[in-house]
Amino acid sequence: MTDNGPGIIIFSEFVVVPILMGVIGGWFWQDLRLVTRRLTLYSCANSFLAIALSSVFLGEGVICLIIVSPLIFCFMFAGTMMGKDLYKKKNDTLNVSILVILAVVFVVDTLSKHEYENEVTDTIVVNAPSAIVWKNVVAFKRITAPNQFWLFKIGLPSPVESTVTGYYKGAGRKCIFSNNYVFDEVISTYDPSKNLTFDITKQPKDPEIMNHISLIRGQFLLKDNGNGTTTLIGNSWYRLYVFPVWYYDIWAKSIVRNVHVRVMEHIKELSEE
């Protein structure tokens, strides 16, 4: 057993495995004497096959597959080119050494602990006093503006409404997304016109990105600028279950940031009316 827990998809599954698939493909294609352009097409076909099998057997959604596609293709192609060079040299010792290195990386990665949390912060200035902004921060009416973020447009759940059971610390809060997805929250800090912090206690399971990221906490900070305007700061903390982090955190930050933007622009519009 590893410390990864259920749902963790590790670095090796997206890097080492595609490289090995490319190396194996290179072995089968070595007698065809393919040029780089043809090998690129073959790698694309192999990548498409791997992604299609992930959809069938792992139940991954379309958006997840779009996100993972560049990573799979790059390392599949790298493996193919590596295999082409290895088999051309006919250096059995080198070939075995590289395969052993990849196997060691896979084992070490599998047995390693995988934990990653991050925070995203966004800021917007609202042309309204903090007392008015606060009313729309705690709970807000349904968002009717069309989605601008391209992932929202193709089906990734986007925020549409927020409700509360009361205006006090400990009250329940719900952030409702499209597709009727609901995030259950509990208000942990309630400082009127200054700080609303809430812990996310339950989030929907989703075949798309929501199945690979946990939103832990959200926060809105309000700063009265003294001139009738308010600086609204949105913070979100999340935990990733997919690796490598250097690739997937780019997507995670982009998604969380666009959730912020959609909600905060709506709060701004409501407050300035």
# chains A, B, ... in the order shown; residues from 1 in each chain; ligands from 1
>>> select_by_dssp(residues="segment 43-233 of chain A", states="alpha helix (DSSP H)", output="ChimeraX atom specification")
/A:43-57,62-89,92-111,130-138,150-153
>>> write_last_selection(atoms="C-alpha atoms", output="PDB file, in the first residue's frame")
ATOM      1  CA  SER A  43       2.592   8.917 -32.039  1.00  0.00           C
ATOM      2  CA  CYS A  44      -0.605  10.934 -32.449  1.00  0.00           C
ATOM      3  CA  ALA A  45      -2.478   7.749 -33.352  1.00  0.00           C
ATOM      4  CA  ASN A  46      -1.036   5.941 -30.333  1.00  0.00           C
ATOM      5  CA  SER A  47      -1.939   8.853 -28.059  1.00  0.00           C
ATOM      6  CA  PHE A  48      -5.478   8.943 -29.408  1.00  0.00           C
ATOM      7  CA  LEU A  49      -5.810   5.221 -28.748  1.00  0.00           C
ATOM      8  CA  ALA A  50      -4.560   5.622 -25.158  1.00  0.00           C
ATOM      9  CA  ILE A  51      -6.963   8.509 -24.538  1.00  0.00           C
ATOM     10  CA  ALA A  52      -9.892   6.592 -26.055  1.00  0.00           C
ATOM     11  CA  LEU A  53      -9.157   3.602 -23.808  1.00  0.00           C
ATOM     12  CA  SER A  54      -9.038   5.932 -20.792  1.00  0.00           C
ATOM     13  CA  SER A  55     -12.490   7.177 -21.694  1.00  0.00           C
ATOM     14  CA  VAL A  56     -13.877   3.642 -22.025  1.00  0.00           C
ATOM     15  CA  PHE A  57     -12.226   1.879 -19.087  1.00  0.00           C
ATOM     16  CA  VAL A  62     -14.198  14.858 -22.311  1.00  0.00           C
ATOM     17  CA  ILE A  63     -12.683  17.865 -20.544  1.00  0.00           C
ATOM     18  CA  CYS A  64     -10.252  15.685 -18.577  1.00  0.00           C
ATOM     19  CA  LEU A  65      -9.168  14.049 -21.810  1.00  0.00           C
ATOM     20  CA  ILE A  66      -8.634  17.437 -23.475  1.00  0.00           C
ATOM     21  CA  ILE A  67      -6.470  18.535 -20.539  1.00  0.00           C
ATOM     22  CA  VAL A  68      -4.354  15.393 -20.490  1.00  0.00           C
ATOM     23  CA  SER A  69      -3.911  15.089 -24.277  1.00  0.00           C
ATOM     24  CA  PRO A  70      -0.882  17.427 -24.693  1.00  0.00           C
ATOM     25  CA  LEU A  71       0.956  15.685 -21.846  1.00  0.00           C
ATOM     26  CA  ILE A  72       0.308  12.190 -23.211  1.00  0.00           C
ATOM     27  CA  PHE A  73       1.299  13.130 -26.753  1.00  0.00           C
ATOM     28  CA  CYS A  74       4.546  14.898 -25.745  1.00  0.00           C
ATOM     29  CA  PHE A  75       5.853  11.971 -23.717  1.00  0.00           C
ATOM     30  CA  MET A  76       4.574   9.399 -26.193  1.00  0.00           C
ATOM     31  CA  PHE A  77       6.467  11.197 -28.952  1.00  0.00           C
ATOM     32  CA  ALA A  78       9.556  11.494 -26.737  1.00  0.00           C
ATOM     33  CA  GLY A  79       9.446   7.743 -26.132  1.00  0.00           C
ATOM     34  CA  THR A  80       9.041   7.050 -29.847  1.00  0.00           C
ATOM     35  CA  MET A  81      12.049   9.173 -30.758  1.00  0.00           C
ATOM     36  CA  MET A  82      14.032   7.626 -27.925  1.00  0.00           C
ATOM     37  CA  GLY A  83      13.167   4.153 -29.186  1.00  0.00           C
ATOM     38  CA  LYS A  84      14.103   5.052 -32.747  1.00  0.00           C
ATOM     39  CA  ASP A  85      17.552   6.163 -31.617  1.00  0.00           C
ATOM     40  CA  LEU A  86      18.099   3.201 -29.280  1.00  0.00           C
ATOM     41  CA  TYR A  87      17.169   0.520 -31.799  1.00  0.00           C
ATOM     42  CA  LYS A  88      19.220   2.195 -34.511  1.00  0.00           C
ATOM     43  CA  LYS A  89      22.369   1.944 -32.385  1.00  0.00           C
ATOM     44  CA  ASP A  92      21.495  -3.655 -25.845  1.00  0.00           C
ATOM     45  CA  THR A  93      23.267  -2.466 -22.700  1.00  0.00           C
ATOM     46  CA  LEU A  94      22.012   1.096 -23.172  1.00  0.00           C
ATOM     47  CA  ASN A  95      18.505  -0.126 -24.001  1.00  0.00           C
ATOM     48  CA  VAL A  96      18.283  -2.233 -20.859  1.00  0.00           C
ATOM     49  CA  SER A  97      19.732   0.583 -18.740  1.00  0.00           C
ATOM     50  CA  ILE A  98      17.078   3.055 -19.888  1.00  0.00           C
ATOM     51  CA  LEU A  99      14.279   0.570 -19.286  1.00  0.00           C
ATOM     52  CA  VAL A 100      15.647  -0.157 -15.809  1.00  0.00           C
ATOM     53  CA  ILE A 101      15.823   3.575 -15.045  1.00  0.00           C
ATOM     54  CA  LEU A 102      12.211   4.040 -16.140  1.00  0.00           C
ATOM     55  CA  ALA A 103      11.156   1.047 -14.032  1.00  0.00           C
ATOM     56  CA  VAL A 104      12.951   2.454 -10.974  1.00  0.00           C
ATOM     57  CA  VAL A 105      11.342   5.862 -11.473  1.00  0.00           C
ATOM     58  CA  PHE A 106       7.934   4.190 -11.720  1.00  0.00           C
ATOM     59  CA  VAL A 107       8.438   2.159  -8.508  1.00  0.00           C
ATOM     60  CA  VAL A 108       9.839   5.085  -6.499  1.00  0.00           C
ATOM     61  CA  ASP A 109       7.066   7.369  -7.711  1.00  0.00           C
ATOM     62  CA  THR A 110       4.401   4.786  -6.859  1.00  0.00           C
ATOM     63  CA  LEU A 111       5.724   4.319  -3.316  1.00  0.00           C
ATOM     64  CA  SER A 130     -18.277  47.742   1.531  1.00  0.00           C
ATOM     65  CA  ALA A 131     -21.625  47.438   3.342  1.00  0.00           C
ATOM     66  CA  ILE A 132     -23.424  47.057   0.017  1.00  0.00           C
ATOM     67  CA  VAL A 133     -20.814  44.714  -1.426  1.00  0.00           C
ATOM     68  CA  TRP A 134     -21.033  42.544   1.709  1.00  0.00           C
ATOM     69  CA  LYS A 135     -24.709  41.786   1.114  1.00  0.00           C
ATOM     70  CA  ASN A 136     -23.867  40.304  -2.282  1.00  0.00           C
ATOM     71  CA  VAL A 137     -20.817  38.437  -1.021  1.00  0.00           C
ATOM     72  CA  VAL A 138     -22.533  36.319   1.617  1.00  0.00           C
ATOM     73  CA  TRP A 150     -13.740  28.337 -22.854  1.00  0.00           C
ATOM     74  CA  LEU A 151     -13.844  25.317 -20.520  1.00  0.00           C
ATOM     75  CA  PHE A 152     -17.137  26.530 -19.063  1.00  0.00           C
ATOM     76  CA  LYS A 153     -18.475  26.878 -22.578  1.00  0.00           C
TER      77      LYS A 153
END
>>> closest_atom_pairs(of="segment 156-209 of chain A", to="segment 214-227 of chain A", cutoff="12 Å", atoms="only C-alpha atoms", output="JSON lines")
{"residue": "A:Arg173", "atom": "CA", "partner": "A:Gly218", "partner_atom": "CA", "distance": 11.3}
{"residue": "A:Lys174", "atom": "CA", "partner": "A:Gly218", "partner_atom": "CA", "distance": 11.8}
{"residue": "A:Cys175", "atom": "CA", "partner": "A:Gly218", "partner_atom": "CA", "distance": 10.6}
{"residue": "A:Phe183", "atom": "CA", "partner": "A:Leu215", "partner_atom": "CA", "distance": 9.1}
{"residue": "A:Asp184", "atom": "CA", "partner": "A:Leu215", "partner_atom": "CA", "distance": 10.8}
{"residue": "A:Glu185", "atom": "CA", "partner": "A:Arg217", "partner_atom": "CA", "distance": 8.5}
{"residue": "A:Val186", "atom": "CA", "partner": "A:Arg217", "partner_atom": "CA", "distance": 9.5}
{"residue": "A:Ile187", "atom": "CA", "partner": "A:Gly218", "partner_atom": "CA", "distance": 9.5}
{"residue": "A:Ser188", "atom": "CA", "partner": "A:Arg217", "partner_atom": "CA", "distance": 9.6}
{"residue": "A:Thr189", "atom": "CA", "partner": "A:Gln219", "partner_atom": "CA", "distance": 8.8}
{"residue": "A:Tyr190", "atom": "CA", "partner": "A:Phe220", "partner_atom": "CA", "distance": 10.2}
{"residue": "A:Asp191", "atom": "CA", "partner": "A:Leu221", "partner_atom": "CA", "distance": 9.4}
{"residue": "A:Pro192", "atom": "CA", "partner": "A:Leu222", "partner_atom": "CA", "distance": 9.2}
{"residue": "A:Ser193", "atom": "CA", "partner": "A:Leu222", "partner_atom": "CA", "distance": 6.1}
{"residue": "A:Lys194", "atom": "CA", "partner": "A:Leu222", "partner_atom": "CA", "distance": 4.7}
{"residue": "A:Asn195", "atom": "CA", "partner": "A:Leu221", "partner_atom": "CA", "distance": 4.7}
{"residue": "A:Leu196", "atom": "CA", "partner": "A:Phe220", "partner_atom": "CA", "distance": 5.2}
{"residue": "A:Thr197", "atom": "CA", "partner": "A:Gln219", "partner_atom": "CA", "distance": 4.2}
{"residue": "A:Phe198", "atom": "CA", "partner": "A:Gly218", "partner_atom": "CA", "distance": 5.4}
{"residue": "A:Asp199", "atom": "CA", "partner": "A:Arg217", "partner_atom": "CA", "distance": 4.5}
{"residue": "A:Ile200", "atom": "CA", "partner": "A:Ile216", "partner_atom": "CA", "distance": 5.4}
{"residue": "A:Thr201", "atom": "CA", "partner": "A:Ile216", "partner_atom": "CA", "distance": 7.8}
{"residue": "A:Lys202", "atom": "CA", "partner": "A:Leu215", "partner_atom": "CA", "distance": 9.0}
{"residue": "A:Gln203", "atom": "CA", "partner": "A:Ser214", "partner_atom": "CA", "distance": 7.6}
{"residue": "A:Pro204", "atom": "CA", "partner": "A:Ser214", "partner_atom": "CA", "distance": 9.7}
{"residue": "A:Lys205", "atom": "CA", "partner": "A:Ser214", "partner_atom": "CA", "distance": 9.9}
{"residue": "A:Asp206", "atom": "CA", "partner": "A:Ser214", "partner_atom": "CA", "distance": 11.2}
{"residue": "A:Ile209", "atom": "CA", "partner": "A:Ser214", "partner_atom": "CA", "distance": 9.6}
>>> closest_residue(among="A:Ser236, A:Thr165, A:Ser158, A:Asn147", to="Asn180 of chain A", atoms="only C-alpha atoms")
A:Ser158
>>> closest_residue(among="A:Val35, A:Leu270, A:Ile213, A:Leu156", to="Lys253 of chain A", atoms="only C-alpha atoms")
A:Ile213
>>> atom_distance(atom1="atom CA of Asn118 of chain A", atom2="atom CA of Tyr238 of chain A")
5.7 Å
>>> atom_distance(atom1="atom CA of Val125 of chain A", atom2="atom CA of Thr229 of chain A")
6.9 Å
>>> select_by_dssp(residues="segment 91-263 of chain A", states="strand (DSSP E)", output="PyMOL selection string")
chain A and resi 117-126+159-164+172-177+181-191+195-202+213-224+230-240
>>> closest_residue(among="A:Ser271, A:Ser162, A:Asn235, A:Thr123", to="Phe140 of chain A", atoms="only C-alpha atoms")
A:Ser162
>>> residues_around(residues="Leu32 of chain A", least_positions_apart="6", cutoff="12 Å", atoms="only C-alpha atoms", output="NGL selection string")
:A and (25-26 or 38-39 or 42 or 84 or 88)
>>> write_last_selection(atoms="C-alpha atoms", output="short mmCIF file (atom, residue, chain, number, x, y, z; two decimals), in the first residue's frame")
data_model
loop_
_atom_site.label_atom_id
_atom_site.label_comp_id
_atom_site.auth_asym_id
_atom_site.auth_seq_id
_atom_site.Cartn_x
_atom_site.Cartn_y
_atom_site.Cartn_z
CA GLY A 25 5.96 1.53 -30.62
CA GLY A 26 9.41 2.49 -31.88
CA ARG A 38 5.60 9.98 -40.06
CA LEU A 39 6.65 9.04 -36.51
CA TYR A 42 2.07 7.43 -35.51
CA LYS A 84 14.10 5.05 -32.75
CA LYS A 88 19.22 2.19 -34.51
#
>>> decode(residues="segment 12-134 of chain A", atoms="C-alpha atoms", output="PDB file, in the first residue's frame")
ATOM      1  CA  SER A  12       4.446   7.948 -13.742  1.00  0.00           C
ATOM      2  CA  GLU A  13       1.028   7.267 -15.226  1.00  0.00           C
ATOM      3  CA  PHE A  14       1.287  10.388 -17.369  1.00  0.00           C
ATOM      4  CA  VAL A  15       5.034  10.395 -18.031  1.00  0.00           C
ATOM      5  CA  VAL A  16       6.733   7.006 -17.640  1.00  0.00           C
ATOM      6  CA  VAL A  17       3.901   4.929 -19.128  1.00  0.00           C
ATOM      7  CA  PRO A  18       3.560   7.085 -22.298  1.00  0.00           C
ATOM      8  CA  ILE A  19       7.357   7.019 -22.728  1.00  0.00           C
ATOM      9  CA  LEU A  20       7.326   3.230 -22.501  1.00  0.00           C
ATOM     10  CA  MET A  21       4.443   3.069 -24.966  1.00  0.00           C
ATOM     11  CA  GLY A  22       6.452   5.232 -27.347  1.00  0.00           C
ATOM     12  CA  VAL A  23       9.566   3.080 -26.917  1.00  0.00           C
ATOM     13  CA  ILE A  24       7.556  -0.084 -27.584  1.00  0.00           C
ATOM     14  CA  GLY A  25       5.956   1.531 -30.621  1.00  0.00           C
ATOM     15  CA  GLY A  26       9.408   2.494 -31.878  1.00  0.00           C
ATOM     16  CA  TRP A  27      10.459  -1.148 -31.660  1.00  0.00           C
ATOM     17  CA  PHE A  28       7.574  -2.256 -33.880  1.00  0.00           C
ATOM     18  CA  TRP A  29       8.196   0.538 -36.373  1.00  0.00           C
ATOM     19  CA  GLN A  30      11.997   0.288 -36.564  1.00  0.00           C
ATOM     20  CA  ASP A  31      12.042  -1.730 -39.801  1.00  0.00           C
ATOM     21  CA  LEU A  32       9.770   0.783 -41.547  1.00  0.00           C
ATOM     22  CA  ARG A  33      12.525   3.416 -41.454  1.00  0.00           C
ATOM     23  CA  LEU A  34      10.013   6.172 -40.806  1.00  0.00           C
ATOM     24  CA  VAL A  35      10.934   9.838 -40.991  1.00  0.00           C
ATOM     25  CA  THR A  36      10.199  12.147 -38.062  1.00  0.00           C
ATOM     26  CA  ARG A  37       7.019  13.482 -39.656  1.00  0.00           C
ATOM     27  CA  ARG A  38       5.603   9.976 -40.058  1.00  0.00           C
ATOM     28  CA  LEU A  39       6.645   9.045 -36.509  1.00  0.00           C
ATOM     29  CA  THR A  40       4.792  12.115 -35.240  1.00  0.00           C
ATOM     30  CA  LEU A  41       1.610  10.920 -36.948  1.00  0.00           C
ATOM     31  CA  TYR A  42       2.072   7.435 -35.513  1.00  0.00           C
ATOM     32  CA  SER A  43       2.592   8.917 -32.039  1.00  0.00           C
ATOM     33  CA  CYS A  44      -0.605  10.934 -32.449  1.00  0.00           C
ATOM     34  CA  ALA A  45      -2.478   7.749 -33.352  1.00  0.00           C
ATOM     35  CA  ASN A  46      -1.036   5.941 -30.333  1.00  0.00           C
ATOM     36  CA  SER A  47      -1.939   8.853 -28.059  1.00  0.00           C
ATOM     37  CA  PHE A  48      -5.478   8.943 -29.408  1.00  0.00           C
ATOM     38  CA  LEU A  49      -5.810   5.221 -28.748  1.00  0.00           C
ATOM     39  CA  ALA A  50      -4.560   5.622 -25.158  1.00  0.00           C
ATOM     40  CA  ILE A  51      -6.963   8.509 -24.538  1.00  0.00           C
ATOM     41  CA  ALA A  52      -9.892   6.592 -26.055  1.00  0.00           C
ATOM     42  CA  LEU A  53      -9.157   3.602 -23.808  1.00  0.00           C
ATOM     43  CA  SER A  54      -9.038   5.932 -20.792  1.00  0.00           C
ATOM     44  CA  SER A  55     -12.490   7.177 -21.694  1.00  0.00           C
ATOM     45  CA  VAL A  56     -13.877   3.642 -22.025  1.00  0.00           C
ATOM     46  CA  PHE A  57     -12.226   1.879 -19.087  1.00  0.00           C
ATOM     47  CA  LEU A  58     -11.549   4.726 -16.627  1.00  0.00           C
ATOM     48  CA  GLY A  59     -14.709   6.714 -17.311  1.00  0.00           C
ATOM     49  CA  GLU A  60     -12.839   9.982 -17.801  1.00  0.00           C
ATOM     50  CA  GLY A  61     -14.840  12.922 -19.123  1.00  0.00           C
ATOM     51  CA  VAL A  62     -14.198  14.858 -22.311  1.00  0.00           C
ATOM     52  CA  ILE A  63     -12.683  17.865 -20.544  1.00  0.00           C
ATOM     53  CA  CYS A  64     -10.252  15.685 -18.577  1.00  0.00           C
ATOM     54  CA  LEU A  65      -9.168  14.049 -21.810  1.00  0.00           C
ATOM     55  CA  ILE A  66      -8.634  17.437 -23.475  1.00  0.00           C
ATOM     56  CA  ILE A  67      -6.470  18.535 -20.539  1.00  0.00           C
ATOM     57  CA  VAL A  68      -4.354  15.393 -20.490  1.00  0.00           C
ATOM     58  CA  SER A  69      -3.911  15.089 -24.277  1.00  0.00           C
ATOM     59  CA  PRO A  70      -0.882  17.427 -24.693  1.00  0.00           C
ATOM     60  CA  LEU A  71       0.956  15.685 -21.846  1.00  0.00           C
ATOM     61  CA  ILE A  72       0.308  12.190 -23.211  1.00  0.00           C
ATOM     62  CA  PHE A  73       1.299  13.130 -26.753  1.00  0.00           C
ATOM     63  CA  CYS A  74       4.546  14.898 -25.745  1.00  0.00           C
ATOM     64  CA  PHE A  75       5.853  11.971 -23.717  1.00  0.00           C
ATOM     65  CA  MET A  76       4.574   9.399 -26.193  1.00  0.00           C
ATOM     66  CA  PHE A  77       6.467  11.197 -28.952  1.00  0.00           C
ATOM     67  CA  ALA A  78       9.556  11.494 -26.737  1.00  0.00           C
ATOM     68  CA  GLY A  79       9.446   7.743 -26.132  1.00  0.00           C
ATOM     69  CA  THR A  80       9.041   7.050 -29.847  1.00  0.00           C
ATOM     70  CA  MET A  81      12.049   9.173 -30.758  1.00  0.00           C
ATOM     71  CA  MET A  82      14.032   7.626 -27.925  1.00  0.00           C
ATOM     72  CA  GLY A  83      13.167   4.153 -29.186  1.00  0.00           C
ATOM     73  CA  LYS A  84      14.103   5.052 -32.747  1.00  0.00           C
ATOM     74  CA  ASP A  85      17.552   6.163 -31.617  1.00  0.00           C
ATOM     75  CA  LEU A  86      18.099   3.201 -29.280  1.00  0.00           C
ATOM     76  CA  TYR A  87      17.169   0.520 -31.799  1.00  0.00           C
ATOM     77  CA  LYS A  88      19.220   2.195 -34.511  1.00  0.00           C
ATOM     78  CA  LYS A  89      22.369   1.944 -32.385  1.00  0.00           C
ATOM     79  CA  LYS A  90      21.614  -1.677 -31.476  1.00  0.00           C
ATOM     80  CA  ASN A  91      23.130  -1.031 -28.054  1.00  0.00           C
ATOM     81  CA  ASP A  92      21.495  -3.655 -25.845  1.00  0.00           C
ATOM     82  CA  THR A  93      23.267  -2.466 -22.700  1.00  0.00           C
ATOM     83  CA  LEU A  94      22.012   1.096 -23.172  1.00  0.00           C
ATOM     84  CA  ASN A  95      18.505  -0.126 -24.001  1.00  0.00           C
ATOM     85  CA  VAL A  96      18.283  -2.233 -20.859  1.00  0.00           C
ATOM     86  CA  SER A  97      19.732   0.583 -18.740  1.00  0.00           C
ATOM     87  CA  ILE A  98      17.078   3.055 -19.888  1.00  0.00           C
ATOM     88  CA  LEU A  99      14.279   0.570 -19.286  1.00  0.00           C
ATOM     89  CA  VAL A 100      15.647  -0.157 -15.809  1.00  0.00           C
ATOM     90  CA  ILE A 101      15.823   3.575 -15.045  1.00  0.00           C
ATOM     91  CA  LEU A 102      12.211   4.040 -16.140  1.00  0.00           C
ATOM     92  CA  ALA A 103      11.156   1.047 -14.032  1.00  0.00           C
ATOM     93  CA  VAL A 104      12.951   2.454 -10.974  1.00  0.00           C
ATOM     94  CA  VAL A 105      11.342   5.862 -11.473  1.00  0.00           C
ATOM     95  CA  PHE A 106       7.934   4.190 -11.720  1.00  0.00           C
ATOM     96  CA  VAL A 107       8.438   2.159  -8.508  1.00  0.00           C
ATOM     97  CA  VAL A 108       9.839   5.085  -6.499  1.00  0.00           C
ATOM     98  CA  ASP A 109       7.066   7.369  -7.711  1.00  0.00           C
ATOM     99  CA  THR A 110       4.401   4.786  -6.859  1.00  0.00           C
ATOM    100  CA  LEU A 111       5.724   4.319  -3.316  1.00  0.00           C
ATOM    101  CA  SER A 112       6.195   8.044  -2.670  1.00  0.00           C
ATOM    102  CA  LYS A 113       3.679  10.169  -0.822  1.00  0.00           C
ATOM    103  CA  HIS A 114       1.727  12.545  -3.044  1.00  0.00           C
ATOM    104  CA  GLU A 115       0.277  15.655  -1.455  1.00  0.00           C
ATOM    105  CA  TYR A 116      -0.218  19.082  -2.969  1.00  0.00           C
ATOM    106  CA  GLU A 117      -2.246  22.090  -1.859  1.00  0.00           C
ATOM    107  CA  ASN A 118      -2.285  25.587  -3.296  1.00  0.00           C
ATOM    108  CA  GLU A 119      -4.055  28.917  -3.022  1.00  0.00           C
ATOM    109  CA  VAL A 120      -5.348  31.259  -5.714  1.00  0.00           C
ATOM    110  CA  THR A 121      -6.008  34.956  -5.048  1.00  0.00           C
ATOM    111  CA  ASP A 122      -7.833  37.460  -7.232  1.00  0.00           C
ATOM    112  CA  THR A 123      -8.714  41.107  -6.667  1.00  0.00           C
ATOM    113  CA  ILE A 124     -11.322  43.445  -8.091  1.00  0.00           C
ATOM    114  CA  VAL A 125     -12.383  47.015  -7.277  1.00  0.00           C
ATOM    115  CA  VAL A 126     -16.128  47.582  -6.830  1.00  0.00           C
ATOM    116  CA  ASN A 127     -17.602  51.058  -7.150  1.00  0.00           C
ATOM    117  CA  ALA A 128     -19.786  50.696  -4.074  1.00  0.00           C
ATOM    118  CA  PRO A 129     -19.353  50.909  -0.269  1.00  0.00           C
ATOM    119  CA  SER A 130     -18.277  47.742   1.531  1.00  0.00           C
ATOM    120  CA  ALA A 131     -21.625  47.438   3.342  1.00  0.00           C
ATOM    121  CA  ILE A 132     -23.424  47.057   0.017  1.00  0.00           C
ATOM    122  CA  VAL A 133     -20.814  44.714  -1.426  1.00  0.00           C
ATOM    123  CA  TRP A 134     -21.033  42.544   1.709  1.00  0.00           C
TER     124      TRP A 134
END
